[in-house]
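Containing compact mmCIF, C-alpha atoms and all ligand atoms: query.txt.
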```
# COMPACT_ATOMS: atom_id res chain seq x y z
CA LEU A 1 41.58 -21.09 3.70
CA PRO A 2 41.51 -18.15 6.13
CA LEU A 3 39.29 -18.18 9.17
CA VAL A 4 36.94 -15.20 9.36
CA THR A 5 38.50 -14.37 12.72
CA GLU A 6 41.86 -13.78 11.00
CA LEU A 7 40.56 -11.29 8.43
CA ASP A 8 40.94 -7.54 8.65
CA LEU A 9 37.27 -6.52 8.34
CA PRO A 10 35.30 -3.30 8.78
CA THR A 11 33.17 -3.13 11.90
CA PHE A 12 29.52 -2.10 12.15
CA ASP A 13 27.06 -1.29 14.93
CA TYR A 14 23.82 -2.45 13.35
CA ALA A 15 21.88 -1.44 16.47
CA ASP A 16 23.11 2.19 16.41
CA PRO A 17 19.85 4.04 17.25
CA THR A 18 20.83 7.08 15.17
CA LEU A 19 20.83 5.04 11.96
CA VAL A 20 17.33 5.38 10.48
CA GLY A 21 15.84 6.62 7.23
CA GLU A 22 18.22 7.34 4.36
CA GLY A 23 21.24 7.47 6.71
CA PHE A 24 20.59 3.81 7.54
CA HIS A 25 20.64 2.86 3.85
CA GLU A 26 23.74 4.95 3.18
CA ALA A 27 25.70 3.35 6.05
CA LEU A 28 24.83 -0.19 4.95
CA ASN A 29 25.39 0.42 1.25
CA GLU A 30 28.78 1.94 1.95
CA LEU A 31 29.70 -1.03 4.14
CA ARG A 32 28.54 -3.56 1.51
CA ASP A 33 30.55 -1.77 -1.17
CA ARG A 34 33.66 -2.19 1.00
CA SER A 35 33.17 -5.84 1.96
CA TRP A 36 30.59 -8.63 1.72
CA VAL A 37 31.23 -9.48 5.38
CA ALA A 38 31.84 -7.15 8.34
CA ARG A 39 32.35 -7.55 12.08
CA VAL A 40 29.48 -6.83 14.56
CA ASP A 41 29.36 -7.21 18.35
CA LEU A 42 27.74 -10.67 18.24
CA GLY A 43 29.70 -12.01 15.26
CA TYR A 44 29.58 -10.98 11.59
CA VAL A 45 27.11 -9.36 9.22
CA LEU A 46 26.71 -10.61 5.63
CA LEU A 47 25.88 -7.79 3.25
CA ASP A 48 25.47 -8.61 -0.44
CA ARG A 49 22.65 -10.55 -2.00
CA GLU A 50 24.65 -13.66 -2.79
CA ALA A 51 25.96 -14.02 0.78
CA VAL A 52 22.62 -13.25 2.45
CA ASP A 53 20.78 -15.73 0.23
CA TRP A 54 23.46 -18.36 0.93
CA ILE A 55 23.23 -18.14 4.73
CA LEU A 56 19.41 -18.09 4.80
CA ARG A 57 19.35 -21.35 2.83
CA ALA A 58 22.34 -23.01 4.56
CA ARG A 59 21.42 -26.26 6.31
CA GLU A 60 24.51 -25.89 8.53
CA ALA A 61 23.08 -22.81 10.27
CA ARG A 62 19.91 -22.13 12.25
CA MET A 63 18.08 -19.19 13.78
CA PRO A 64 19.53 -18.63 17.29
CA ALA A 65 16.29 -17.16 18.66
CA ILE A 66 16.61 -18.72 22.11
CA GLU A 67 20.34 -18.10 22.35
CA LEU A 68 19.81 -14.39 21.55
CA LEU A 69 17.11 -14.14 24.19
CA GLU A 70 19.32 -15.90 26.75
CA LEU A 71 22.13 -13.48 25.95
CA GLN A 72 19.74 -10.74 27.13
CA GLY A 73 19.44 -12.58 30.47
CA VAL A 74 15.98 -14.13 29.84
CA THR A 75 16.57 -17.84 30.49
CA SER A 76 13.10 -19.03 31.56
CA GLY A 77 9.51 -17.83 31.92
CA PRO A 78 6.62 -17.31 29.49
CA MET A 79 8.64 -15.41 26.89
CA HIS A 80 11.30 -18.10 26.79
CA GLU A 81 8.60 -20.77 26.51
CA GLN A 82 6.78 -18.89 23.75
CA LEU A 83 9.91 -18.44 21.67
CA SER A 84 11.06 -22.06 22.16
CA GLY A 85 7.90 -23.22 20.39
CA ASN A 86 8.07 -20.61 17.61
CA LEU A 87 8.55 -22.05 14.11
CA LEU A 88 11.61 -19.87 13.63
CA ASN A 89 13.28 -21.62 16.53
CA LEU A 90 12.47 -25.16 15.35
CA HIS A 91 14.46 -27.26 12.90
CA GLY A 92 14.39 -30.38 10.76
CA GLU A 93 11.52 -32.83 11.08
CA GLN A 94 9.74 -31.05 13.97
CA HIS A 95 9.78 -27.77 12.01
CA ARG A 96 8.43 -29.44 8.85
CA ARG A 97 5.66 -31.28 10.75
CA LEU A 98 4.42 -28.23 12.65
CA ARG A 99 4.75 -25.83 9.71
CA SER A 100 2.64 -28.15 7.54
CA LEU A 101 -0.17 -27.97 10.13
CA VAL A 102 -0.49 -24.17 9.80
CA GLU A 103 0.18 -23.68 6.08
CA GLY A 104 -3.51 -23.97 5.01
CA PRO A 105 -4.68 -20.38 5.61
CA PHE A 106 -1.48 -18.91 4.16
CA THR A 107 -1.29 -20.37 0.65
CA PRO A 108 -1.56 -17.92 -2.29
CA ARG A 109 -5.08 -19.24 -2.93
CA ALA A 110 -6.18 -18.73 0.66
CA ALA A 111 -4.78 -15.17 0.58
CA GLN A 112 -6.82 -14.58 -2.57
CA ARG A 113 -10.01 -15.76 -0.83
CA LEU A 114 -9.36 -13.39 2.08
CA ARG A 115 -9.39 -10.25 -0.11
CA PRO A 116 -13.10 -9.45 0.52
CA ALA A 117 -12.46 -9.67 4.29
CA MET A 118 -9.52 -7.28 3.86
CA ARG A 119 -11.79 -4.80 2.06
CA ARG A 120 -14.38 -5.13 4.81
CA HIS A 121 -11.88 -4.28 7.53
CA LEU A 122 -10.42 -1.41 5.49
CA GLU A 123 -13.88 0.04 4.98
CA ALA A 124 -14.71 -0.19 8.69
CA LEU A 125 -11.43 1.46 9.69
CA TRP A 126 -11.68 4.17 7.04
CA ALA A 127 -15.30 5.15 7.82
CA PRO A 128 -14.38 7.78 10.46
CA LEU A 129 -11.88 9.29 8.00
CA ALA A 130 -14.16 9.46 4.99
CA ASP A 131 -14.12 13.28 4.93
CA ALA A 132 -10.90 13.91 6.82
CA GLU A 133 -8.23 16.08 5.24
CA ARG A 134 -5.40 14.62 7.28
CA CYS A 135 -4.72 11.51 9.31
CA GLU A 136 -2.01 9.76 11.30
CA PHE A 137 -1.76 6.69 9.12
CA VAL A 138 -0.16 4.25 11.59
CA SER A 139 -2.88 4.47 14.24
CA ALA A 140 -5.71 4.95 11.71
CA LEU A 141 -5.00 2.02 9.41
CA ALA A 142 -1.56 0.42 9.35
CA LYS A 143 -1.77 -0.82 12.93
CA PRO A 144 -5.35 -2.08 13.38
CA TYR A 145 -5.77 -3.63 9.90
CA PRO A 146 -3.31 -6.59 10.07
CA ALA A 147 -4.35 -7.32 13.67
CA ARG A 148 -7.98 -7.64 12.58
CA MET A 149 -6.98 -9.92 9.70
CA ILE A 150 -4.95 -12.20 11.95
CA ALA A 151 -7.79 -12.36 14.49
CA GLU A 152 -10.10 -13.42 11.67
CA ILE A 153 -7.68 -16.02 10.28
CA VAL A 154 -6.89 -17.49 13.70
CA GLY A 155 -10.58 -17.50 14.70
CA ALA A 156 -10.29 -15.11 17.66
CA PRO A 157 -13.01 -12.48 18.30
CA ILE A 158 -12.39 -9.32 16.25
CA GLU A 159 -12.87 -7.26 19.46
CA ASP A 160 -9.61 -8.83 20.66
CA ALA A 161 -7.62 -7.51 17.68
CA GLU A 162 -6.28 -4.54 19.60
CA ARG A 163 -5.03 -6.70 22.47
CA LEU A 164 -3.52 -9.15 19.99
CA GLY A 165 -1.73 -6.26 18.31
CA THR A 166 -0.24 -5.07 21.60
CA TRP A 167 0.96 -8.55 22.55
CA ALA A 168 2.39 -9.06 19.06
CA TYR A 169 4.36 -5.84 19.40
CA TRP A 170 6.01 -6.97 22.64
CA LEU A 171 6.53 -10.58 21.58
CA GLN A 172 8.06 -9.49 18.29
CA SER A 173 10.45 -7.14 20.05
CA VAL A 174 12.49 -10.10 21.37
CA PHE A 175 14.18 -10.07 17.97
CA ASP A 176 15.56 -6.64 18.83
CA PRO A 177 18.19 -7.05 21.58
CA SER A 178 18.02 -3.41 22.66
CA ALA A 179 14.25 -3.72 23.19
CA VAL A 180 14.65 -6.79 25.41
CA ALA A 181 17.09 -4.91 27.60
CA GLY A 182 14.80 -1.88 27.95
CA ALA A 183 11.43 -3.58 28.40
CA ALA A 184 11.93 -7.04 29.88
CA GLY A 185 8.98 -6.49 32.26
CA GLU A 186 6.50 -5.61 29.49
CA ILE A 187 7.72 -8.49 27.32
CA GLU A 188 7.34 -11.00 30.14
CA ARG A 189 3.86 -9.71 30.95
CA ALA A 190 2.84 -9.90 27.27
CA GLY A 191 4.17 -13.50 27.09
CA LYS A 192 2.20 -14.50 30.19
CA GLU A 193 -1.07 -12.84 29.17
CA PHE A 194 -0.83 -14.10 25.62
CA THR A 195 -0.18 -17.72 26.65
CA ALA A 196 -3.15 -17.62 29.06
CA TYR A 197 -5.32 -16.09 26.31
CA VAL A 198 -4.43 -18.77 23.73
CA ARG A 199 -4.94 -21.58 26.26
CA GLU A 200 -8.40 -20.20 26.99
CA LEU A 201 -9.23 -19.96 23.28
CA LEU A 202 -8.14 -23.58 22.86
CA ALA A 203 -10.27 -24.72 25.77
CA THR A 204 -13.38 -23.05 24.27
CA PRO A 205 -15.42 -25.44 22.08
CA ARG A 206 -15.32 -24.50 18.37
CA PRO A 207 -18.48 -24.22 16.24
CA PRO A 208 -18.83 -27.21 13.89
CA GLY A 209 -17.50 -26.80 10.31
CA GLY A 210 -15.30 -23.81 11.18
CA GLU A 211 -12.39 -23.03 8.86
CA ALA A 212 -10.27 -20.81 11.08
CA LEU A 213 -6.76 -21.81 12.06
CA LEU A 214 -7.97 -22.70 15.56
CA ASP A 215 -10.44 -25.21 14.04
CA THR A 216 -7.64 -26.94 12.13
CA LEU A 217 -5.44 -26.99 15.22
CA HIS A 218 -8.28 -28.26 17.41
CA ALA A 219 -8.79 -31.13 14.97
CA ALA A 220 -5.05 -31.89 14.91
CA MET A 221 -4.98 -31.96 18.73
CA ALA A 222 -8.01 -34.25 18.83
CA GLU A 223 -6.19 -36.64 16.47
CA GLY A 224 -3.13 -36.56 18.70
CA GLN A 225 -0.93 -34.84 16.09
CA LEU A 226 -0.28 -31.82 18.26
CA SER A 227 0.22 -31.05 21.95
CA THR A 228 -1.35 -27.99 23.64
CA ALA A 229 2.10 -26.47 24.13
CA GLU A 230 2.92 -26.93 20.42
CA CYS A 231 -0.41 -25.37 19.53
CA VAL A 232 0.24 -22.30 21.71
CA GLY A 233 3.64 -21.99 20.00
CA LEU A 234 2.06 -22.12 16.53
CA VAL A 235 -0.64 -19.54 17.27
CA GLY A 236 2.12 -17.40 18.79
CA ALA A 237 4.26 -17.75 15.65
CA VAL A 238 1.40 -16.60 13.44
CA LEU A 239 0.55 -13.73 15.73
CA ILE A 240 4.14 -12.64 16.28
CA GLY A 241 4.90 -12.97 12.58
CA GLY A 242 1.77 -11.51 11.10
CA VAL A 243 0.81 -8.31 12.87
CA ASP A 244 3.71 -6.00 13.55
CA THR A 245 5.45 -6.90 10.28
CA THR A 246 2.61 -6.09 7.87
CA GLN A 247 1.80 -2.99 9.89
CA ALA A 248 5.36 -1.71 9.53
CA GLN A 249 5.58 -2.55 5.81
CA LEU A 250 2.29 -0.78 5.12
CA ALA A 251 3.40 2.30 7.06
CA HIS A 252 6.68 2.46 5.08
CA THR A 253 4.80 1.89 1.81
CA ALA A 254 2.49 4.84 2.52
CA ARG A 255 5.49 6.92 3.59
CA LEU A 256 7.47 6.11 0.43
CA LEU A 257 4.52 6.87 -1.85
CA ALA A 258 3.73 10.10 -0.01
CA GLU A 259 7.37 11.10 -0.49
CA HIS A 260 6.98 10.41 -4.22
CA PRO A 261 3.60 12.00 -5.09
CA GLU A 262 4.16 11.53 -8.84
CA GLN A 263 4.33 7.75 -8.25
CA TRP A 264 1.10 7.90 -6.26
CA ALA A 265 -0.48 9.70 -9.23
CA ALA A 266 0.80 6.94 -11.56
CA LEU A 267 -0.77 4.34 -9.29
CA ARG A 268 -4.05 6.21 -9.25
CA ASP A 269 -4.07 6.42 -13.05
CA ASP A 270 -3.06 2.79 -13.50
CA PRO A 271 -4.02 0.51 -10.58
CA ASP A 272 -2.40 -2.41 -12.45
CA LEU A 273 0.84 -0.99 -11.03
CA ILE A 274 -0.23 -1.90 -7.47
CA PRO A 275 1.57 -5.30 -7.24
CA ALA A 276 4.76 -3.66 -8.58
CA ALA A 277 4.42 -0.85 -6.02
CA VAL A 278 4.13 -3.41 -3.20
CA GLU A 279 7.14 -5.32 -4.52
CA GLU A 280 9.23 -2.14 -4.80
CA SER A 281 8.35 -1.15 -1.22
CA LEU A 282 9.31 -4.64 -0.01
CA ARG A 283 12.63 -4.37 -1.86
CA TYR A 284 13.45 -0.78 -0.98
CA GLU A 285 12.53 -0.82 2.71
CA PRO A 286 12.46 -4.37 4.09
CA ILE A 287 10.98 -4.02 7.57
CA THR A 288 12.98 -7.10 8.58
CA PRO A 289 16.32 -5.59 7.58
CA PHE A 290 18.29 -8.16 9.62
CA THR A 291 17.86 -11.71 10.78
CA ALA A 292 20.36 -14.01 12.44
CA ARG A 293 21.87 -17.46 12.02
CA LEU A 294 24.22 -19.58 14.15
CA THR A 295 26.59 -22.02 12.41
CA SER A 296 26.34 -25.57 13.77
CA VAL A 297 29.55 -26.79 12.06
CA ASP A 298 32.51 -25.08 10.38
CA VAL A 299 31.25 -23.66 7.05
CA THR A 300 33.22 -22.15 4.19
CA HIS A 301 31.89 -19.57 1.78
CA ARG A 302 33.85 -17.61 -0.85
CA ASP A 303 37.06 -19.05 0.56
CA VAL A 304 36.35 -17.83 4.12
CA THR A 305 35.72 -20.32 6.94
CA PHE A 306 33.20 -19.49 9.65
CA PRO A 307 33.79 -21.72 12.69
CA ALA A 308 30.94 -23.66 14.33
CA GLY A 309 29.14 -21.41 16.84
CA THR A 310 29.53 -18.18 14.82
CA VAL A 311 26.57 -15.75 14.84
CA LEU A 312 25.91 -14.35 11.35
CA ILE A 313 23.53 -11.44 10.78
CA ALA A 314 21.90 -11.58 7.33
CA ALA A 315 21.24 -8.04 6.07
CA ALA A 316 18.30 -8.19 3.65
CA VAL A 317 18.40 -4.41 3.45
CA SER A 318 21.83 -4.11 1.82
CA ALA A 319 21.16 -7.30 -0.22
CA ASN A 320 18.02 -5.68 -1.64
CA HIS A 321 20.10 -2.66 -2.70
CA ASP A 322 22.91 -4.70 -4.26
CA PRO A 323 23.98 -2.96 -7.49
CA ALA A 324 25.21 -6.31 -8.86
CA VAL A 325 21.55 -7.43 -8.92
CA TYR A 326 19.40 -4.32 -9.37
CA ASP A 327 19.93 -1.30 -11.64
CA ASP A 328 19.96 1.99 -9.77
CA PRO A 329 19.00 0.19 -6.53
CA ASP A 330 18.80 3.29 -4.34
CA ARG A 331 15.99 4.78 -6.39
CA PHE A 332 12.44 4.00 -5.21
CA ASP A 333 10.63 3.46 -8.50
CA ILE A 334 7.43 1.46 -8.84
CA ARG A 335 7.84 1.44 -12.64
CA ALA A 336 11.40 0.10 -12.69
CA HIS A 337 12.01 -3.34 -14.19
CA ARG A 338 13.69 -5.17 -11.34
CA GLY A 339 14.23 -8.48 -13.14
CA SER A 340 13.60 -11.92 -11.67
CA ALA A 341 15.61 -11.61 -8.41
CA LYS A 342 13.04 -11.44 -5.62
CA PRO A 343 13.90 -9.20 -2.66
CA LEU A 344 15.04 -11.10 0.46
CA THR A 345 12.50 -9.28 2.65
CA PHE A 346 10.59 -12.50 3.40
CA GLY A 347 13.77 -14.51 3.93
CA ALA A 348 14.68 -17.62 1.90
CA GLY A 349 15.02 -21.36 2.47
CA PRO A 350 13.14 -23.50 5.01
CA HIS A 351 12.02 -20.54 7.17
CA TYR A 352 10.78 -18.46 4.23
CA CYS A 353 7.95 -16.32 5.60
CA LEU A 354 4.80 -18.35 6.11
CA GLY A 355 2.65 -15.25 5.60
CA ALA A 356 4.29 -13.79 2.46
CA SER A 357 1.22 -14.27 0.22
CA LEU A 358 -1.09 -12.94 2.91
CA ALA A 359 1.14 -9.91 3.53
CA ARG A 360 1.38 -9.13 -0.21
CA ALA A 361 -2.41 -9.41 -0.58
CA GLU A 362 -3.02 -7.20 2.49
CA LEU A 363 -0.64 -4.55 1.16
CA GLU A 364 -2.16 -4.67 -2.33
CA GLU A 365 -5.71 -4.37 -1.01
CA ALA A 366 -4.75 -1.44 1.21
CA LEU A 367 -3.16 0.42 -1.71
CA SER A 368 -6.02 -0.30 -4.05
CA PHE A 369 -8.47 0.88 -1.37
CA LEU A 370 -6.53 4.10 -0.78
CA VAL A 371 -5.89 5.13 -4.40
CA GLU A 372 -9.64 4.93 -5.02
CA ARG A 373 -10.28 7.38 -2.19
CA VAL A 374 -7.23 9.62 -1.98
CA PRO A 375 -6.23 10.93 -5.38
CA HIS A 376 -3.37 12.98 -4.01
CA LEU A 377 -1.18 11.88 -1.12
CA GLU A 378 1.42 13.94 0.74
CA LEU A 379 3.24 13.91 4.04
CA ASP A 380 1.77 16.34 6.54
CA GLY A 381 4.75 16.65 8.87
CA PRO A 382 7.79 14.64 9.92
CA VAL A 383 7.66 10.85 10.04
CA SER A 384 8.65 9.30 13.38
CA TYR A 385 10.97 6.33 12.81
CA GLY A 386 11.39 3.21 14.96
CA THR A 387 14.75 1.45 15.09
CA PRO A 388 15.71 -1.04 12.34
CA PRO A 389 16.70 -4.20 14.32
CA GLY A 390 13.78 -6.58 14.90
CA VAL A 391 10.89 -5.03 12.98
CA TYR A 392 11.70 -1.63 11.49
CA GLY A 393 8.46 0.21 12.11
CA LEU A 394 7.28 3.79 12.01
CA HIS A 395 5.63 5.38 15.05
CA GLU A 396 3.83 8.09 13.11
CA VAL A 397 3.16 8.88 9.45
CA PRO A 398 1.12 12.12 9.25
CA LEU A 399 -0.65 12.28 5.88
CA ARG A 400 -2.54 14.99 4.05
CA LEU A 401 -5.46 13.47 2.16
CA SER A 402 -6.40 15.83 -0.65
CA ARG A 403 -9.66 14.77 -2.27
CA THR A 404 -8.88 16.34 -5.62
CA PRO A 405 -5.83 15.44 -7.70
CA ALA A 406 -3.02 18.01 -7.45
CA GLY A 407 -3.49 20.73 -10.02
CA ALA A 408 -7.14 19.85 -10.66
CA ALA A 409 -9.79 22.48 -9.98
CA ALA A 410 -11.59 21.84 -6.70
CA GLY A 411 -15.32 21.14 -6.77
C1 LIG B 501 5.47 -7.54 5.15
C2 LIG B 501 5.21 -8.43 6.08
C3 LIG B 501 6.17 -9.50 6.52
C4 LIG B 501 7.54 -9.55 6.47
C5 LIG B 501 8.49 -8.51 5.89
C6 LIG B 501 7.94 -10.82 7.04
C7 LIG B 501 9.26 -11.26 7.12
C8 LIG B 501 9.64 -12.53 7.52
C9 LIG B 501 10.99 -13.04 7.47
C10 LIG B 501 12.22 -12.28 7.01
C11 LIG B 501 10.96 -14.31 7.93
C12 LIG B 501 12.15 -15.28 8.03
C13 LIG B 501 13.06 -14.95 9.17
C14 LIG B 501 14.27 -15.85 9.21
O1 LIG B 501 14.43 -16.75 8.37
O2 LIG B 501 15.11 -15.64 10.09
C15 LIG B 501 9.60 -14.61 8.30
C16 LIG B 501 9.18 -15.79 8.86
C17 LIG B 501 7.90 -16.00 9.30
N1 LIG B 501 6.81 -15.18 9.08
FE1 LIG B 501 6.79 -13.40 8.15
N2 LIG B 501 6.83 -11.49 7.44
C18 LIG B 501 5.73 -10.74 7.14
C19 LIG B 501 4.41 -11.07 7.33
C20 LIG B 501 3.98 -12.24 7.92
C21 LIG B 501 2.60 -12.61 8.09
C22 LIG B 501 1.39 -11.82 7.61
C23 LIG B 501 2.60 -13.77 8.78
C24 LIG B 501 1.35 -14.51 9.20
C25 LIG B 501 1.26 -15.76 9.30
C26 LIG B 501 3.98 -14.17 9.01
C27 LIG B 501 4.42 -15.29 9.68
C28 LIG B 501 5.71 -15.76 9.68
C29 LIG B 501 6.10 -17.02 10.32
C30 LIG B 501 5.20 -17.96 11.10
C31 LIG B 501 7.47 -17.16 10.08
C32 LIG B 501 8.36 -18.32 10.53
C33 LIG B 501 8.36 -19.36 9.44
C34 LIG B 501 9.23 -20.56 9.76
O3 LIG B 501 10.09 -20.47 10.64
O4 LIG B 501 9.05 -21.59 9.10
N3 LIG B 501 4.80 -13.21 8.46
N4 LIG B 501 8.81 -13.51 8.02
```

What would the structure in this file look like if it were written as structure tokens?
Amino acid sequence: LPLVTELDLPTFDYADPTLVGEGFHEALNELRDRSWVARVDLGYVLLDREAVDWILRAREARMPAIELLELQGVTSGPMHEQLSGNLLNLHGEQHRRLRSLVEGPFTPRAAQRLRPAMRRHLEALWAPLADAERCEFVSALAKPYPARMIAEIVGAPIEDAERLGTWAYWLQSVFDPSAVAGAAGEIERAGKEFTAYVRELLATPRPPGGEALLDTLHAAMAEGQLSTAECVGLVGAVLIGGVDTTQAQLAHTARLLAEHPEQWAALRDDPDLIPAAVEESLRYEPITPFTARLTSVDVTHRDVTFPAGTVLIAAAVSANHDPAVYDDPDRFDIRAHRGSAKPLTFGAGPHYCLGASLARAELEEALSFLVERVPHLELDGPVSYGTPPGVYGLHEVPLRLSRTPAGAAAG
């Protein structure tokens, strides 16, 4: 069987900063249509749904979070420490043990119970915009809303949500190699401040009978199931995983619906379409378009052998647009029947996103809140795109918020 190193493969620069928006999709779709595997600077990228699903579930490969950070020259310090204890970086028994300690607030049932809190935060954030005719959606809602929810779930004061959001942004950016190179100072400072903050939260006595994540973790520490360092790592994983991601997905969801006003109108007329709209946004624009794996032994897939020590980038974005799985995959359509194949936006296998149910519920509540208040949604200027590696966010989504449906008589 051929070694991947011997194959004549197309090459791809997945960190090319000019590739955003539709151009990003076009480049990846074209690449996937040529080959299921292509060469990138660090190793190889897997492009179709079958290959991406395979590598995410493969027991012979793990997330090289620390190795990728070390490649950027960060070999010690608070950031290194924080990432070492992140669930994504852990494996086997240690991963299972620690993940089971934080699963409680993230089950589908727990996400269901949090819906009234989501509404409460949406109402508070929307109050200043109640009569506005335009808004910048990222700063108004997409950014503060998930940070407030995570503060509530963790058991941190809501006033700290903004700080938590800023730390999450920098901590999350370690998954984007170009960001590490450009902002090592900010990332290190965020790691240091965040670790000190969590240690202080842990040292503060908890009110009896509390149900926040910190209460559970406090109890686990008291029973000797968890060290302080492990606890800091777990709170970090939830914070890193749960703020920037949902923010970015919500911003893209609003952007996609504003670009398709007739679909917004359909949502307004039939709110039962909301879960399908969330699912279609997750499929169409996965804000985690790439993740990475490192093979620990030689592995063979589709008659190609990847030697031990190979870095493989799993491209959820081209997998989610695979025409072998989805009809007309490059059309954003909340009414399309997409079949049973779930998008790979939340990953697959042992590291499947801990917060998937929470994120879906947050996105659904935000859409249901907005369609009740904004009958007609449109872009009010150009969208400012972030870069896809790491978390693919949007810096700005200017929206026009017409209070009457398009075509309806005002007043
Ligand atoms: C739309 C929003 C979100 C997206 C697209 C997303 C995406 C992902 C993906 C792709 C992974 C797996 C990465 C890999 O296997 O390499 C992951 C893991 C993870 N996510 Fe999310 N996520 C989102 C929201 C959240 C939320 C709200 C939380 C809050 C708890 C969260 C916490 C985590 C954690 C802790 C992991 C690591 C799980 C483990 O290693 O066992 N995520 N997420």

_I'd like the contact shell of Asp13 in chain A - 10 Å cut-off, all atoms listed in the file, skipping same-chain residues fewer than 2 positions apart - returned as a list in words._
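Answer for this query is Thr11, Ala15, Asp16, Pro17, Leu19, Arg39, Val40, Asp41, Leu42 and Val45 of chain A.
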
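With distances restricted to all atoms listed in the file, A:Leu358 is the closest residue to ligand LIG 501 (chain B) from A:Ala183, A:Ala151, A:Leu201, A:Leu358.
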
Using all atoms of range 246-259 of chain A listed in the file and a margin of 8 Å per side, can you give the axis-aligned box centre and edge lengths in Å to one decimal, as lines of an AutoDock Vina configuration file?
```
center_x = 4.6
center_y = 2.5
center_z = 4.0
size_x = 21.7
size_y = 33.2
size_z = 27.7
```

Contacts of chain A with ligand LIG 501 (chain B) up to 7 Å, shortest pair per row, all atoms listed in the file, as a Markdown table:
```
| residue | atom | partner | partner_atom | distance |
| --- | --- | --- | --- | --- |
| A:Leu56 | CA | B:LIG501 | O1 | 6.3 |
| A:Met63 | CA | B:LIG501 | O2 | 5.9 |
| A:Leu87 | CA | B:LIG501 | O3 | 4.1 |
| A:Leu88 | CA | B:LIG501 | O3 | 3.4 |
| A:Asn89 | CA | B:LIG501 | O3 | 6.8 |
| A:His95 | CA | B:LIG501 | O4 | 6.9 |
| A:Arg99 | CA | B:LIG501 | O4 | 6.1 |
| A:Phe106 | CA | B:LIG501 | C25 | 6.6 |
| A:Ala237 | CA | B:LIG501 | C30 | 4.7 |
| A:Val238 | CA | B:LIG501 | C25 | 4.2 |
| A:Leu239 | CA | B:LIG501 | C24 | 6.6 |
| A:Gly241 | CA | B:LIG501 | C27 | 3.7 |
| A:Gly242 | CA | B:LIG501 | C21 | 3.3 |
| A:Val243 | CA | B:LIG501 | C22 | 6.4 |
| A:Thr245 | CA | B:LIG501 | C2 | 4.5 |
| A:Thr246 | CA | B:LIG501 | C2 | 3.9 |
| A:Gln249 | CA | B:LIG501 | C1 | 5.0 |
| A:Pro286 | CA | B:LIG501 | C5 | 6.0 |
| A:Ile287 | CA | B:LIG501 | C5 | 5.4 |
| A:Thr288 | CA | B:LIG501 | C5 | 5.4 |
| A:Thr291 | CA | B:LIG501 | O2 | 4.8 |
| A:Ala292 | CA | B:LIG501 | O2 | 6.0 |
| A:Thr345 | CA | B:LIG501 | C5 | 5.2 |
| A:Phe346 | CA | B:LIG501 | C10 | 4.0 |
| A:Gly347 | CA | B:LIG501 | C10 | 4.1 |
| A:Ala348 | CA | B:LIG501 | O1 | 6.5 |
| A:Pro350 | CA | B:LIG501 | O4 | 6.1 |
| A:His351 | CA | B:LIG501 | O4 | 3.7 |
| A:Tyr352 | CA | B:LIG501 | C12 | 5.1 |
| A:Cys353 | CA | B:LIG501 | C16 | 3.5 |
| A:Leu354 | CA | B:LIG501 | C28 | 4.5 |
| A:Gly355 | CA | B:LIG501 | C23 | 3.5 |
| A:Ala356 | CA | B:LIG501 | C19 | 5.6 |
| A:Leu358 | CA | B:LIG501 | C22 | 5.4 |
| A:Ala359 | CA | B:LIG501 | C22 | 4.5 |
| A:Arg360 | CA | B:LIG501 | C1 | 6.9 |
```

Please produce an output containing C-alpha atoms for each residue in the selection, written as a JSON list (two decimals), in the coordinates of the input.
```json
[["chain", "number", "residue", "atom", "x", "y", "z"],
["A", 56, "LEU", "CA", 19.41, -18.09, 4.80],
["A", 63, "MET", "CA", 18.08, -19.19, 13.78],
["A", 87, "LEU", "CA", 8.55, -22.05, 14.11],
["A", 88, "LEU", "CA", 11.61, -19.87, 13.63],
["A", 89, "ASN", "CA", 13.28, -21.62, 16.53],
["A", 95, "HIS", "CA", 9.78, -27.77, 12.01],
["A", 99, "ARG", "CA", 4.75, -25.83, 9.71],
["A", 106, "PHE", "CA", -1.48, -18.91, 4.16],
["A", 237, "ALA", "CA", 4.26, -17.75, 15.65],
["A", 238, "VAL", "CA", 1.40, -16.60, 13.44],
["A", 239, "LEU", "CA", 0.55, -13.73, 15.73],
["A", 241, "GLY", "CA", 4.90, -12.97, 12.58],
["A", 242, "GLY", "CA", 1.77, -11.51, 11.10],
["A", 243, "VAL", "CA", 0.81, -8.31, 12.87],
["A", 245, "THR", "CA", 5.45, -6.90, 10.28],
["A", 246, "THR", "CA", 2.61, -6.09, 7.87],
["A", 249, "GLN", "CA", 5.58, -2.55, 5.81],
["A", 286, "PRO", "CA", 12.46, -4.37, 4.09],
["A", 287, "ILE", "CA", 10.98, -4.02, 7.57],
["A", 288, "THR", "CA", 12.98, -7.10, 8.58],
["A", 291, "THR", "CA", 17.86, -11.71, 10.78],
["A", 292, "ALA", "CA", 20.36, -14.01, 12.44],
["A", 345, "THR", "CA", 12.50, -9.28, 2.65],
["A", 346, "PHE", "CA", 10.59, -12.50, 3.40],
["A", 347, "GLY", "CA", 13.77, -14.51, 3.93],
["A", 348, "ALA", "CA", 14.68, -17.62, 1.90],
["A", 350, "PRO", "CA", 13.14, -23.50, 5.01],
["A", 351, "HIS", "CA", 12.02, -20.54, 7.17],
["A", 352, "TYR", "CA", 10.78, -18.46, 4.23],
["A", 353, "CYS", "CA", 7.95, -16.32, 5.60],
["A", 354, "LEU", "CA", 4.80, -18.35, 6.11],
["A", 355, "GLY", "CA", 2.65, -15.25, 5.60],
["A", 356, "ALA", "CA", 4.29, -13.79, 2.46],
["A", 358, "LEU", "CA", -1.09, -12.94, 2.91],
["A", 359, "ALA", "CA", 1.14, -9.91, 3.53],
["A", 360, "ARG", "CA", 1.38, -9.13, -0.21]]
```
